[in-house]
$ cat final-v9.cif   # mmCIF, C-alpha atoms
data_protein
#
loop_
_atom_site.group_PDB
_atom_site.id
_atom_site.type_symbol
_atom_site.label_atom_id
_atom_site.label_comp_id
_atom_site.auth_asym_id
_atom_site.auth_seq_id
_atom_site.Cartn_x
_atom_site.Cartn_y
_atom_site.Cartn_z
ATOM 1 C CA MET A 1 -24.391 -41.053 -51.152
ATOM 2 C CA LYS A 2 -20.905 -39.699 -50.518
ATOM 3 C CA TYR A 3 -22.396 -36.373 -49.574
ATOM 4 C CA TRP A 4 -24.719 -37.976 -47.029
ATOM 5 C CA ILE A 5 -21.800 -39.750 -45.372
ATOM 6 C CA PHE A 6 -19.765 -36.544 -45.403
ATOM 7 C CA LEU A 7 -22.681 -34.569 -43.976
ATOM 8 C CA LEU A 8 -23.224 -37.231 -41.316
ATOM 9 C CA CYS A 9 -19.533 -37.137 -40.343
ATOM 10 C CA VAL A 10 -19.543 -33.345 -40.105
ATOM 11 C CA THR A 11 -22.732 -33.373 -38.037
ATOM 12 C CA VAL A 12 -21.350 -36.013 -35.663
ATOM 13 C CA THR A 13 -18.065 -34.132 -35.335
ATOM 14 C CA PHE A 14 -19.732 -30.859 -34.401
ATOM 15 C CA SER A 15 -22.269 -32.454 -32.106
ATOM 16 C CA CYS A 16 -19.544 -34.338 -30.244
ATOM 17 C CA ALA A 17 -17.359 -31.281 -29.839
ATOM 18 C CA GLU A 18 -17.336 -30.099 -26.270
ATOM 19 C CA SER A 19 -18.771 -26.661 -25.798
ATOM 20 C CA LYS A 20 -16.642 -23.997 -24.230
ATOM 21 C CA LYS A 21 -16.782 -24.056 -20.457
ATOM 22 C CA PHE A 22 -16.986 -21.035 -18.199
ATOM 23 C CA GLU A 23 -13.652 -22.022 -16.667
ATOM 24 C CA ASP A 24 -12.001 -21.936 -20.088
ATOM 25 C CA SER A 25 -13.377 -18.466 -20.772
ATOM 26 C CA TYR A 26 -12.227 -17.309 -17.346
ATOM 27 C CA LYS A 27 -8.713 -18.653 -17.948
ATOM 28 C CA GLU A 28 -8.549 -16.939 -21.334
ATOM 29 C CA THR A 29 -9.726 -13.670 -19.808
ATOM 30 C CA ILE A 30 -7.126 -13.864 -17.034
ATOM 31 C CA LEU A 31 -4.364 -14.692 -19.500
ATOM 32 C CA LEU A 32 -5.314 -11.777 -21.753
ATOM 33 C CA GLN A 33 -5.536 -9.438 -18.787
ATOM 34 C CA TYR A 34 -2.147 -10.670 -17.580
ATOM 35 C CA LEU A 35 -0.572 -10.086 -20.988
ATOM 36 C CA LEU A 36 -2.088 -6.606 -21.275
ATOM 37 C CA THR A 37 -1.307 -5.427 -17.750
ATOM 38 C CA GLN A 38 1.934 -3.699 -17.066
ATOM 39 C CA ASN A 39 4.081 -5.039 -14.247
ATOM 40 C CA ALA A 40 5.637 -1.880 -12.832
ATOM 41 C CA PRO A 41 4.538 -1.420 -9.213
ATOM 42 C CA GLN A 42 7.372 0.948 -8.230
ATOM 43 C CA GLU A 43 6.847 3.211 -11.236
ATOM 44 C CA THR A 44 3.059 3.218 -10.873
ATOM 45 C CA CYS A 45 3.291 3.882 -7.143
ATOM 46 C CA GLU A 46 5.511 6.894 -7.799
ATOM 47 C CA SER A 47 3.015 8.107 -10.403
ATOM 48 C CA MET A 48 0.266 7.760 -7.788
ATOM 49 C CA ILE A 49 2.201 10.001 -5.381
ATOM 50 C CA THR A 50 2.940 12.497 -8.170
ATOM 51 C CA ASN A 51 -0.752 12.729 -9.027
ATOM 52 C CA LYS A 52 -1.683 13.106 -5.348
ATOM 53 C CA ASP A 53 0.834 15.958 -5.148
ATOM 54 C CA LEU A 54 -0.663 17.656 -8.220
ATOM 55 C CA CYS A 55 -4.075 17.577 -6.580
ATOM 56 C CA PHE A 56 -2.774 18.875 -3.240
ATOM 57 C CA LYS A 57 -0.784 21.566 -5.084
ATOM 58 C CA ALA A 58 -3.962 22.752 -6.825
ATOM 59 C CA TYR A 59 -5.638 23.030 -3.425
ATOM 60 C CA ALA A 60 -2.662 24.919 -1.956
ATOM 61 C CA GLN A 61 -2.683 27.363 -4.871
ATOM 62 C CA SER A 62 -6.408 27.960 -4.469
ATOM 63 C CA VAL A 63 -5.966 28.973 -0.821
ATOM 64 C CA GLY A 64 -2.731 30.896 -1.478
ATOM 65 C CA VAL A 65 -0.202 28.721 0.332
ATOM 66 C CA THR A 66 2.893 26.999 -0.951
ATOM 67 C CA PHE A 67 3.047 23.266 -1.406
ATOM 68 C CA THR A 68 6.235 21.265 -1.453
ATOM 69 C CA GLU A 69 6.024 18.315 -3.777
ATOM 70 C CA THR A 70 7.346 14.945 -2.666
ATOM 71 C CA THR A 71 10.960 14.527 -3.741
ATOM 72 C CA SER A 72 11.877 11.643 -6.015
ATOM 73 C CA ASN A 73 13.965 10.065 -3.253
ATOM 74 C CA VAL A 74 11.045 10.152 -0.815
ATOM 75 C CA LYS A 75 8.720 8.742 -3.510
ATOM 76 C CA THR A 76 11.120 5.881 -4.126
ATOM 77 C CA LEU A 77 11.503 5.071 -0.439
ATOM 78 C CA THR A 78 7.774 5.453 0.238
ATOM 79 C CA CYS A 79 6.889 3.112 -2.595
ATOM 80 C CA GLN A 80 9.461 0.540 -1.563
ATOM 81 C CA GLY A 81 7.908 0.564 1.897
ATOM 82 C CA LEU A 82 4.385 0.501 0.514
ATOM 83 C CA ILE A 83 5.080 -2.460 -1.779
ATOM 84 C CA SER A 84 6.542 -4.432 1.107
ATOM 85 C CA ASN A 85 3.900 -3.497 3.717
ATOM 86 C CA SER A 86 1.323 -6.007 4.899
ATOM 87 C CA ALA A 87 -1.397 -4.877 2.491
ATOM 88 C CA TYR A 88 0.686 -5.258 -0.662
ATOM 89 C CA LYS A 89 3.516 -7.697 0.062
ATOM 90 C CA ASP A 90 1.604 -10.863 -0.861
ATOM 91 C CA MET A 91 0.229 -9.408 -4.085
ATOM 92 C CA SER A 92 1.853 -10.010 -7.449
ATOM 93 C CA GLY A 93 3.554 -7.079 -9.144
ATOM 94 C CA ILE A 94 0.713 -6.913 -11.649
ATOM 95 C CA ALA A 95 -1.904 -6.779 -8.883
ATOM 96 C CA GLN A 96 0.102 -4.065 -7.081
ATOM 97 C CA THR A 97 0.372 -2.109 -10.327
ATOM 98 C CA CYS A 98 -3.359 -2.490 -10.884
ATOM 99 C CA ALA A 99 -4.188 -1.196 -7.381
ATOM 100 C CA PHE A 100 -1.832 1.762 -7.796
ATOM 101 C CA ASN A 101 -3.267 2.532 -11.245
ATOM 102 C CA CYS A 102 -6.740 2.727 -9.719
ATOM 103 C CA GLN A 103 -5.479 5.469 -7.448
ATOM 104 C CA VAL A 104 -3.542 7.244 -10.210
ATOM 105 C CA THR A 105 -6.818 7.441 -12.139
ATOM 106 C CA ASP A 106 -8.681 8.650 -9.040
ATOM 107 C CA TRP A 107 -6.209 11.472 -8.348
ATOM 108 C CA LYS A 108 -6.047 12.458 -12.033
ATOM 109 C CA SER A 109 -9.821 12.675 -12.272
ATOM 110 C CA LYS A 110 -9.945 14.888 -9.171
ATOM 111 C CA THR A 111 -7.310 17.197 -10.638
ATOM 112 C CA ASN A 112 -8.886 17.281 -14.119
ATOM 113 C CA SER A 113 -12.374 17.976 -12.767
ATOM 114 C CA GLY A 114 -11.187 20.897 -10.614
ATOM 115 C CA ILE A 115 -12.286 19.258 -7.361
ATOM 116 C CA CYS A 116 -8.755 19.577 -5.985
ATOM 117 C CA SER A 117 -8.865 23.349 -5.941
ATOM 118 C CA GLN A 118 -12.318 23.380 -4.320
ATOM 119 C CA SER A 119 -11.892 20.854 -1.490
ATOM 120 C CA THR A 120 -9.770 20.572 1.591
ATOM 121 C CA ILE A 121 -7.019 17.988 1.739
ATOM 122 C CA SER A 122 -8.948 15.892 4.253
ATOM 123 C CA ALA A 123 -12.050 16.027 2.009
ATOM 124 C CA LEU A 124 -9.941 14.968 -0.974
ATOM 125 C CA ILE A 125 -8.572 12.023 0.965
ATOM 126 C CA GLU A 126 -12.052 11.057 2.127
ATOM 127 C CA SER A 127 -13.311 11.262 -1.450
ATOM 128 C CA SER A 128 -11.011 8.372 -2.400
ATOM 129 C CA LEU A 129 -12.718 6.240 0.199
ATOM 130 C CA THR A 130 -16.148 7.004 -1.219
ATOM 131 C CA SER A 131 -15.215 6.992 -4.902
ATOM 132 C CA SER A 132 -17.278 4.263 -6.541
ATOM 133 C CA THR A 133 -14.887 4.300 -9.492
ATOM 134 C CA ALA A 134 -11.787 3.744 -7.341
ATOM 135 C CA ILE A 135 -13.531 1.095 -5.245
ATOM 136 C CA SER A 136 -14.790 -0.857 -8.253
ATOM 137 C CA CYS A 137 -11.364 -0.566 -9.872
ATOM 138 C CA LEU A 138 -9.707 -2.027 -6.757
ATOM 139 C CA ARG A 139 -12.291 -4.806 -6.685
ATOM 140 C CA SER A 140 -11.469 -5.660 -10.306
ATOM 141 C CA CYS A 141 -7.762 -5.944 -9.430
ATOM 142 C CA PHE A 142 -8.656 -8.622 -6.898
ATOM 143 C CA ALA A 143 -11.269 -10.264 -9.126
ATOM 144 C CA SER A 144 -8.630 -10.881 -11.781
ATOM 145 C CA THR A 145 -6.815 -13.123 -9.306
ATOM 146 C CA ASN A 146 -10.072 -14.876 -8.367
ATOM 147 C CA ASN A 147 -10.019 -13.228 -4.947
ATOM 148 C CA GLN A 148 -12.430 -10.804 -3.412
ATOM 149 C CA ILE A 149 -11.920 -7.731 -1.311
ATOM 150 C CA SER A 150 -14.420 -6.655 1.300
ATOM 151 C CA THR A 151 -15.579 -3.084 1.720
ATOM 152 C CA ASP A 152 -13.769 -2.756 5.049
ATOM 153 C CA GLN A 153 -10.487 -3.909 3.442
ATOM 154 C CA ILE A 154 -10.497 -1.277 0.686
ATOM 155 C CA PRO A 155 -9.081 1.544 2.862
ATOM 156 C CA LEU A 156 -6.034 -0.641 3.548
ATOM 157 C CA TYR A 157 -5.034 -0.305 -0.102
ATOM 158 C CA LEU A 158 -5.511 3.435 -0.443
ATOM 159 C CA LEU A 159 -2.499 5.707 -0.446
ATOM 160 C CA PHE A 160 -3.564 7.952 2.423
ATOM 161 C CA ASN A 161 -3.754 4.991 4.782
ATOM 162 C CA ASN A 162 -0.168 4.060 4.031
ATOM 163 C CA ILE A 163 1.612 7.387 4.039
ATOM 164 C CA GLN A 164 1.106 10.557 6.029
ATOM 165 C CA LYS A 165 -0.909 13.418 4.576
ATOM 166 C CA GLY A 166 1.099 16.004 2.696
ATOM 167 C CA GLU A 167 4.247 13.921 2.682
#

$ encode --input "final-v9.cif" --output "structure tokens"
Amino acid sequence: MKYWIFLLCVTVTFSCAESKKFEDSYKETILLQYLLTQNAPQETCESMITNKDLCFKAYAQSVGVTFTETTSNVKTLTCQGLISNSAYKDMSGIAQTCAFNCQVTDWKSKTNSGICSQSTISALIESSLTSSTAISCLRSCFASTNNQISTDQIPLYLLFNNIQKGE
């Protein structure tokens, strides 16, 4: 008899327990993403410019011209301006870092694949705009804050739209 009462209590307890809601899962996902995401927009922005320079340098070497890399002072000033410009200023540091990381990855993949030495600078810049990987990465940065970004807004967040070519 005791076992029946115990079994009944356990059954009632589990059947009355509220199942996990989508909102709870979403909150947990956001919290985990927040805890795992670095918050270093200045540093990541400078890394983005460094990786852009490496790609442009590979192109310059392939056509036999010299390329002057962006100085650390110019990187710092460029990133300070970029972080405070209209596209980025209302974003959290983590969201800025995420958007810059998307572009770091894009430029690294171009360099690692050898595309940089085979394409013109304007073609390399255009390839960021059409990169499904970079675009989906940027979308995920906005999705983590429960916002969306439209296709026509994506170019506003890409490096080449915010600084001059070859800077």

$ atom_distance --input "final-v9.cif" --atom1 "CA of Val65 in chain A" --atom2 "CA of Lys110 in chain A"
19.4 Å

$ closest_atom_pairs --input "final-v9.cif" --of "range 88-156 of chain A" --to "range 55-64 of chain A" --cutoff "6 Å" --atoms "all atoms listed in the file" --output "JSON lines"
{"residue": "A:Thr111", "atom": "CA", "partner": "A:Cys55", "partner_atom": "CA", "distance": 5.2}
{"residue": "A:Cys116", "atom": "CA", "partner": "A:Cys55", "partner_atom": "CA", "distance": 5.1}
{"residue": "A:Ser117", "atom": "CA", "partner": "A:Tyr59", "partner_atom": "CA", "distance": 4.1}

$ residues_around --input "final-v9.cif" --residues "range 123-132 of chain A" --least-positions-apart "6" --cutoff "8 Å" --atoms "only C-alpha atoms" --output "list of chain:residue names"
A:Asp106, A:Cys116, A:Ile154, A:Pro155, A:Leu158, A:Phe160

$ closest_residue --input "final-v9.cif" --among "A:Thr50, A:Ser25, A:Thr44, A:Ser72" --to "Ala95 in chain A" --atoms "all atoms listed in the file"
A:Thr44

$ axis_aligned_box --input "final-v9.cif" --around "range 153-158 of chain A" --padding-each-side "4 Å" --output "lines of an AutoDock Vina configuration file"
center_x = -7.8
center_y = -0.2
center_z = 1.6
size_x = 13.5
size_y = 15.3
size_z = 12.0

$ resolve_selection --input "final-v9.cif" --expression "the PyMOL selection byres ((chain A and resi 76-84) around 7)" --output "number ranges by chain"
A: 42, 45-46, 72-75, 85-86, 88-89, 162

$ resolve_selection --input "final-v9.cif" --expression "the PyMOL selection byres ((chain A and resi 102) around 9)" --output "MDAnalysis selection string"
chainID A and resid 48 97:101 103:107 133:138 141

$ resolve_selection --input "final-v9.cif" --expression "the PyMOL selection byres ((chain A and resi 69) around 9)" --output "PyMOL selection string"
chain A and resi 50+53-54+56-57+67-68+70-71+166-167

$ closest_residue --input "final-v9.cif" --among "A:Gln118, A:Ser113, A:Lys21, A:Arg139" --to "Gln153 in chain A" --atoms "all atoms listed in the file"
A:Arg139

$ atom_distance --input "final-v9.cif" --atom1 "CA of Thr120 in chain A" --atom2 "CA of Thr151 in chain A"
24.4 Å

$ decode --input "final-v9.cif" --residues "range 62-97 of chain A" --atoms "N, CA and C atoms" --output "PDB file, in the first residue's frame"
ATOM      1  N   SER A  62      50.857  39.083 -55.709  1.00  0.00           N
ATOM      2  CA  SER A  62      50.590  38.298 -56.915  1.00  0.00           C
ATOM      3  C   SER A  62      50.695  39.138 -58.186  1.00  0.00           C
ATOM      4  N   VAL A  63      50.464  40.448 -58.078  1.00  0.00           N
ATOM      5  CA  VAL A  63      50.583  41.307 -59.257  1.00  0.00           C
ATOM      6  C   VAL A  63      51.894  42.098 -59.253  1.00  0.00           C
ATOM      7  N   GLY A  64      52.739  41.860 -58.232  1.00  0.00           N
ATOM      8  CA  GLY A  64      54.066  42.465 -58.197  1.00  0.00           C
ATOM      9  C   GLY A  64      54.116  43.914 -57.765  1.00  0.00           C
ATOM     10  N   VAL A  65      53.200  44.337 -56.924  1.00  0.00           N
ATOM     11  CA  VAL A  65      53.246  45.702 -56.394  1.00  0.00           C
ATOM     12  C   VAL A  65      53.403  45.637 -54.882  1.00  0.00           C
ATOM     13  N   THR A  66      53.822  46.739 -54.310  1.00  0.00           N
ATOM     14  CA  THR A  66      53.980  46.775 -52.858  1.00  0.00           C
ATOM     15  C   THR A  66      52.662  47.170 -52.202  1.00  0.00           C
ATOM     16  N   PHE A  67      52.471  46.688 -51.017  1.00  0.00           N
ATOM     17  CA  PHE A  67      51.275  47.012 -50.251  1.00  0.00           C
ATOM     18  C   PHE A  67      51.705  47.495 -48.879  1.00  0.00           C
ATOM     19  N   THR A  68      51.186  48.610 -48.477  1.00  0.00           N
ATOM     20  CA  THR A  68      51.487  49.154 -47.163  1.00  0.00           C
ATOM     21  C   THR A  68      50.363  48.773 -46.208  1.00  0.00           C
ATOM     22  N   GLU A  69      50.736  48.023 -45.200  1.00  0.00           N
ATOM     23  CA  GLU A  69      49.727  47.592 -44.229  1.00  0.00           C
ATOM     24  C   GLU A  69      49.275  48.770 -43.379  1.00  0.00           C
ATOM     25  N   THR A  70      48.066  48.678 -42.872  1.00  0.00           N
ATOM     26  CA  THR A  70      47.505  49.716 -42.018  1.00  0.00           C
ATOM     27  C   THR A  70      48.291  49.769 -40.716  1.00  0.00           C
ATOM     28  N   THR A  71      48.722  50.942 -40.332  1.00  0.00           N
ATOM     29  CA  THR A  71      49.486  51.088 -39.087  1.00  0.00           C
ATOM     30  C   THR A  71      48.578  50.843 -37.884  1.00  0.00           C
ATOM     31  N   SER A  72      49.183  50.506 -36.769  1.00  0.00           N
ATOM     32  CA  SER A  72      48.387  50.231 -35.567  1.00  0.00           C
ATOM     33  C   SER A  72      47.621  51.464 -35.117  1.00  0.00           C
ATOM     34  N   ASN A  73      48.213  52.646 -35.286  1.00  0.00           N
ATOM     35  CA  ASN A  73      47.519  53.875 -34.899  1.00  0.00           C
ATOM     36  C   ASN A  73      46.276  54.102 -35.763  1.00  0.00           C
ATOM     37  N   VAL A  74      46.412  53.870 -37.060  1.00  0.00           N
ATOM     38  CA  VAL A  74      45.273  54.039 -37.967  1.00  0.00           C
ATOM     39  C   VAL A  74      44.198  52.985 -37.666  1.00  0.00           C
ATOM     40  N   LYS A  75      44.627  51.751 -37.366  1.00  0.00           N
ATOM     41  CA  LYS A  75      43.655  50.711 -36.992  1.00  0.00           C
ATOM     42  C   LYS A  75      42.859  51.140 -35.764  1.00  0.00           C
ATOM     43  N   THR A  76      43.576  51.628 -34.765  1.00  0.00           N
ATOM     44  CA  THR A  76      42.921  52.047 -33.528  1.00  0.00           C
ATOM     45  C   THR A  76      41.909  53.151 -33.797  1.00  0.00           C
ATOM     46  N   LEU A  77      42.341  54.177 -34.519  1.00  0.00           N
ATOM     47  CA  LEU A  77      41.445  55.297 -34.816  1.00  0.00           C
ATOM     48  C   LEU A  77      40.278  54.873 -35.700  1.00  0.00           C
ATOM     49  N   THR A  78      40.543  54.034 -36.683  1.00  0.00           N
ATOM     50  CA  THR A  78      39.486  53.547 -37.575  1.00  0.00           C
ATOM     51  C   THR A  78      38.448  52.774 -36.783  1.00  0.00           C
ATOM     52  N   CYS A  79      38.911  51.911 -35.904  1.00  0.00           N
ATOM     53  CA  CYS A  79      37.975  51.097 -35.125  1.00  0.00           C
ATOM     54  C   CYS A  79      37.189  51.938 -34.129  1.00  0.00           C
ATOM     55  N   GLN A  80      37.826  52.910 -33.530  1.00  0.00           N
ATOM     56  CA  GLN A  80      37.092  53.798 -32.633  1.00  0.00           C
ATOM     57  C   GLN A  80      35.975  54.510 -33.387  1.00  0.00           C
ATOM     58  N   GLY A  81      36.280  54.954 -34.599  1.00  0.00           N
ATOM     59  CA  GLY A  81      35.261  55.597 -35.425  1.00  0.00           C
ATOM     60  C   GLY A  81      34.191  54.630 -35.869  1.00  0.00           C
ATOM     61  N   LEU A  82      34.597  53.423 -36.215  1.00  0.00           N
ATOM     62  CA  LEU A  82      33.658  52.404 -36.676  1.00  0.00           C
ATOM     63  C   LEU A  82      32.689  52.010 -35.561  1.00  0.00           C
ATOM     64  N   ILE A  83      33.213  51.808 -34.361  1.00  0.00           N
ATOM     65  CA  ILE A  83      32.382  51.410 -33.227  1.00  0.00           C
ATOM     66  C   ILE A  83      31.366  52.499 -32.871  1.00  0.00           C
ATOM     67  N   SER A  84      31.743  53.741 -33.098  1.00  0.00           N
ATOM     68  CA  SER A  84      30.823  54.831 -32.749  1.00  0.00           C
ATOM     69  C   SER A  84      29.983  55.326 -33.933  1.00  0.00           C
ATOM     70  N   ASN A  85      30.152  54.721 -35.127  1.00  0.00           N
ATOM     71  CA  ASN A  85      29.346  55.183 -36.264  1.00  0.00           C
ATOM     72  C   ASN A  85      27.912  54.689 -36.145  1.00  0.00           C
ATOM     73  N   SER A  86      27.047  55.178 -36.991  1.00  0.00           N
ATOM     74  CA  SER A  86      25.618  54.912 -36.872  1.00  0.00           C
ATOM     75  C   SER A  86      25.257  53.435 -36.955  1.00  0.00           C
ATOM     76  N   ALA A  87      26.014  52.654 -37.700  1.00  0.00           N
ATOM     77  CA  ALA A  87      25.685  51.230 -37.826  1.00  0.00           C
ATOM     78  C   ALA A  87      25.948  50.474 -36.527  1.00  0.00           C
ATOM     79  N   TYR A  88      27.008  50.818 -35.829  1.00  0.00           N
ATOM     80  CA  TYR A  88      27.442  50.038 -34.676  1.00  0.00           C
ATOM     81  C   TYR A  88      27.159  50.668 -33.319  1.00  0.00           C
ATOM     82  N   LYS A  89      26.921  51.961 -33.246  1.00  0.00           N
ATOM     83  CA  LYS A  89      26.893  52.634 -31.947  1.00  0.00           C
ATOM     84  C   LYS A  89      25.804  52.147 -30.996  1.00  0.00           C
ATOM     85  N   ASP A  90      24.696  51.651 -31.502  1.00  0.00           N
ATOM     86  CA  ASP A  90      23.622  51.189 -30.628  1.00  0.00           C
ATOM     87  C   ASP A  90      23.708  49.699 -30.305  1.00  0.00           C
ATOM     88  N   MET A  91      24.734  49.051 -30.823  1.00  0.00           N
ATOM     89  CA  MET A  91      24.921  47.623 -30.557  1.00  0.00           C
ATOM     90  C   MET A  91      25.728  47.442 -29.278  1.00  0.00           C
ATOM     91  N   SER A  92      25.493  46.345 -28.592  1.00  0.00           N
ATOM     92  CA  SER A  92      26.311  46.022 -27.424  1.00  0.00           C
ATOM     93  C   SER A  92      27.717  45.665 -27.891  1.00  0.00           C
ATOM     94  N   GLY A  93      28.667  45.690 -26.966  1.00  0.00           N
ATOM     95  CA  GLY A  93      30.030  45.306 -27.301  1.00  0.00           C
ATOM     96  C   GLY A  93      30.111  43.881 -27.813  1.00  0.00           C
ATOM     97  N   ILE A  94      29.304  43.001 -27.246  1.00  0.00           N
ATOM     98  CA  ILE A  94      29.304  41.605 -27.686  1.00  0.00           C
ATOM     99  C   ILE A  94      28.768  41.495 -29.112  1.00  0.00           C
ATOM    100  N   ALA A  95      27.715  42.240 -29.420  1.00  0.00           N
ATOM    101  CA  ALA A  95      27.169  42.204 -30.785  1.00  0.00           C
ATOM    102  C   ALA A  95      28.174  42.798 -31.774  1.00  0.00           C
ATOM    103  N   GLN A  96      28.856  43.878 -31.383  1.00  0.00           N
ATOM    104  CA  GLN A  96      29.888  44.461 -32.252  1.00  0.00           C
ATOM    105  C   GLN A  96      30.996  43.439 -32.490  1.00  0.00           C
ATOM    106  N   THR A  97      31.442  42.803 -31.419  1.00  0.00           N
ATOM    107  CA  THR A  97      32.495  41.795 -31.523  1.00  0.00           C
ATOM    108  C   THR A  97      32.063  40.666 -32.448  1.00  0.00           C
TER     109      THR A  97
END
